[in-house]
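S.K.: Have a look at this one before I ask anything.
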Amino acid sequence: MRGFRGWLVGILLLVAAWFVAAATPDGEARMTDPFRVTASLGTPAVGDNLAVTVRDVVVSDGVTASGGWQASGTWVVVDLDAWTVRAESPGAIGVAYLVLPDRTIAASERPLTLDRTATLLDSRLHVDIPQAGSLAFEVPADAMTGAAVLQIAQDNGAGPGDPALSLEGDSVIELPLSLSDLPRVSDRALVRTGWVSP
Amino acid sequence: MGQPVTRAWWRRNAVALAVLVVLVPAGLFALDTLEFGTVRNAERPVAVGASTSIADWNFGPVTIEPVDAAEVGAPSGTEPVVVTIRVNRGHRFLGCQAPRIVEPATGRSWMSVTALDWAPPVGAQTTCTSRTGIPYDLVALVLLPNGVGDDLVVELSTGSTAAGGLDLRFAVDR
Amino acid sequence: MTEPVQAPRPNRFARLRAATDRVPTKWFATIGTVLFLAATAAFGGLNDVPAEAKVLDELTVGQTHRSPQLAITVERAVLIDSLSGTGAFPDEEKGERLLVLLVEMENRWDRPLATFGSEGVQRAVLLEGDARAADGIVREDDQTVTPWLQPGVPALLAFSWVVPGAAYADGDPLRIVLSDATLYQAQLLSSGESWVDRAPAAVVTIPLEDVGAGAES
């Protein structure tokens, strides 16, 4: 195309390209970013497959769990119901993070040393049959101020290390928390994984 | 630079345009139907009450029977059921996973549970391995929530070095 | 595109040959090298030649070695016949025993660290002259095997090696090499950060205690 028509088509294409570029997500929102579902205390939050209802969040100065396990230190204990909505594979809470203002804590695997059902971490969940249990986060003693986010997701294969890798490509359920508003107790027993209504 | 040039443009770019006409719809179709990143076995549907063969093995018929919830320790609001698949085994090796129940209407699926108080009946087993050639029942206990319909599919994933992975989907009317 | 085409085939080949004649093939090597070096420079340069062996900090029991990733304090070293819960299993018949280090470790990063796997911190504590990572790493308090280190939460860990019983004796000055890693930010198509290039940074000299069959855990 020559002359006026060529220029017109060229400019129109450039304008169209500008719109496409503007619509393309950049920076944080990349292709593999997780799909976030915001939860609130007491109401079910449904992700791609995982679903939870967070019942309670407390800060405790010591924890005990079924099987006889116990630990001292500062712990954030989350009591929740969990189930899946589509398939039972992977069908488990594979990663859970407590994102503090300056660091990210992964749900502790320590209670599982004596009893694999002591926390909901890695417990097999069932489609539309909820189970109740707990997640426990071991935190530094001086970290209990500011805003935090509880993140719960299935294991995408990367394991509970760097959240940037382990939350890629799946949905994550997020519960915002205000750390200084959480009830503080001196001791807390984790809820052993079991049926919500036996 | 009027009519004659326009006609020549179509003709000059006929090949490219023909390729576009084929590729654009094909591309849209591919994006819509191809499941990128998922690897799935081939599927073979089996009619209600029928059986099917893989190599020299025969699977079917398949039934779903309820069991007493209190007996197995199932929680309230659930229906535990036993899936039974008749297996006539052959000589060649064939592996299989525990059967699953799929509800095609909603896409939900349930796997067999091991945490309940249940053992296979005499003559039945929960795996595909068997030393003899005697036919047996492959059974699994599956915990369903209340409200699952009657139109279900029992899915059995099998695998052999010869045929690769094959999912048998038995239609069941419970 | 608007040139008249007379005899198609001969003309196309002739034009092609004329065009390729104009490509400066002997410049390819130079252009290629320049492009390669420019790209390498853009991505951070070629690998450095390893520097001279750096002088390692000399530490004793109870002194803390800090790196951007970890704070490590070696508390105790014992030689013991065997110890359940350490994750290491010496073969008595072969005369094997366990060398157990009690090490307090604190994750100084802002994300959980593993004590296993290709990027785990198990290689941060090694016996001098032995390239093997510990056979078993457990928490001293609840025997959690290959524990995760949460950021800012110190943990007392037991690093255990299966060693030939005759190789060590009570009172031996054991030298333990502590290694530091650097944080690497993945670029372009990969994401996340990881710790790479672990290299020795300090040596802790600690007297080895032989506790025989052991009475404590």
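Identifiers in the structure tokens: chain A, B, ... in order shown; residue index from 1 per chain; ligand index from 1 in order shown.
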Near chain A, meaning an atom within 7 Å, which residues of chain B appear when counting only C-alpha atoms? Write them as a list in words.
M.R.: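 Only these qualify: Pro75, Ser76, Gly107, Arg108, Ser109, Trp110, Met111 and Pro145 of chain B.
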S.K.: Show me a table, sorted first by chain and then by increasing residue number, of the residues of chain B having an atom at most 12 Å from chain C, each with its shortest atom pair and the distance in Å to one decimal, counting only C-alpha atoms and written as CSV.
M.R.:
residue,atom,partner,partner_atom,distance
B:Val5,CA,C:Thr2,CA,10.6
B:Ala8,CA,C:Thr2,CA,10.2
B:Trp9,CA,C:Thr2,CA,10.6
B:Arg12,CA,C:Met1,CA,9.2
B:Asn13,CA,C:Met1,CA,10.9
S.K.: If you run DSSP on the backbone here, which positions in segment 124-163 of chain C get strand (DSSP E or B)? Please write them as JSON, numbers by chain.
M.R.: {"C": [125, 126, 127, 136, 137, 138, 139, 145, 149, 151, 155, 156, 157, 158, 159, 160, 161, 162, 163]}
S.K.: Take the residues that were just selected and, keeping C-alpha atoms, output them as a CSV table (one decimal), in the first residue's frame.
M.R.:
chain,number,residue,atom,x,y,z
C,125,VAL,CA,28.2,-27.3,58.5
C,126,LEU,CA,30.8,-29.8,57.4
C,127,LEU,CA,33.6,-31.7,59.0
C,136,GLY,CA,21.1,-37.0,59.8
C,137,ILE,CA,19.9,-33.5,60.8
C,138,VAL,CA,17.2,-33.3,63.4
C,139,ARG,CA,15.9,-30.8,65.9
C,145,VAL,CA,13.8,-34.8,60.8
C,149,LEU,CA,14.1,-23.2,59.6
C,151,PRO,CA,13.0,-16.9,59.5
C,155,ALA,CA,16.7,-23.8,66.4
C,156,LEU,CA,19.0,-26.2,68.1
C,157,LEU,CA,19.9,-28.9,65.6
C,158,ALA,CA,21.8,-32.1,65.9
C,159,PHE,CA,24.1,-32.8,62.9
C,160,SER,CA,25.1,-36.5,62.9
C,161,TRP,CA,27.8,-38.3,60.8
C,162,VAL,CA,28.4,-42.0,60.7
C,163,VAL,CA,32.2,-42.3,61.2
S.K.: Can you tell me how far atom CA of Val196 of chain C sits from atom CA of Glu119 of chain C, in Å to one decimal?
M.R.: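 Interatomic distance here is 7.3 Å.
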S.K.: May I have a table of the residues of chain A lying at most 10 Å from chain C, giving each one's closest pair of atoms and their distance in Å to one decimal, counting only C-alpha atoms, ordered by chain and ascending residue number, as CSV?
M.R.:
residue,atom,partner,partner_atom,distance
A:Thr32,CA,C:Ser191,CA,9.9
A:Trp69,CA,C:Asp142,CA,7.7
A:Gln70,CA,C:Asp142,CA,8.2
A:Ala71,CA,C:Asp142,CA,8.2
A:Gly73,CA,C:Val153,CA,9.1
A:Thr74,CA,C:Val153,CA,9.4
A:Tyr97,CA,C:Pro112,CA,9.7
A:Val99,CA,C:Arg111,CA,9.4
A:Leu100,CA,C:Asp110,CA,9.4
A:Pro101,CA,C:Asp110,CA,10.0
A:Asp102,CA,C:Asp110,CA,6.8
A:Arg103,CA,C:Asp110,CA,4.3
A:Thr104,CA,C:Arg111,CA,5.1
A:Ile105,CA,C:Gln150,CA,5.8
A:Ala106,CA,C:Pro112,CA,6.4
A:Ala107,CA,C:Gln150,CA,9.1
A:Ser108,CA,C:Trp148,CA,7.8
A:Glu109,CA,C:Pro147,CA,7.8
A:Arg110,CA,C:Thr144,CA,5.9
A:Pro111,CA,C:Thr144,CA,8.6
A:Leu112,CA,C:Thr144,CA,8.5
A:Thr113,CA,C:Thr144,CA,5.8
A:Leu114,CA,C:Thr144,CA,8.9
A:Phe137,CA,C:Gln150,CA,9.0
A:Glu138,CA,C:Gln150,CA,7.2
A:Val139,CA,C:Val153,CA,6.4
A:Pro140,CA,C:Val153,CA,5.3
A:Ala141,CA,C:Val153,CA,8.3
A:Asp142,CA,C:Gly152,CA,9.5
A:Ala143,CA,C:Gly152,CA,9.1
A:Gly159,CA,C:Ala114,CA,9.8
A:Pro160,CA,C:Pro112,CA,7.6
A:Gly161,CA,C:Pro112,CA,5.5
A:Asp162,CA,C:Arg111,CA,6.2
A:Pro163,CA,C:Arg111,CA,7.9
A:Ala164,CA,C:Gly192,CA,5.3
A:Leu165,CA,C:Gly192,CA,6.0
A:Ser166,CA,C:Gly192,CA,9.5
A:Glu168,CA,C:Ser191,CA,9.6
S.K.: Mind checking which residues fall within 10 Å of Gly95 of chain C, counting only C-alpha atoms, ignoring those fewer than 4 positions away in the same chain, and posting them as a ChimeraX atom specification?
M.R.: /C:81,90-91,163-166
S.K.: Taking the DSSP secondary structure from the backbone, can you list the residues of segment 81-166 of chain A that are alpha helix (DSSP H), as an NGL selection string?
M.R.: :A and (163-166)
S.K.: Measure the distance from atom CA of Asp56 of chain A to atom CA of Leu150 of chain A in Å and round it to one decimal.
M.R.: 12.1 Å
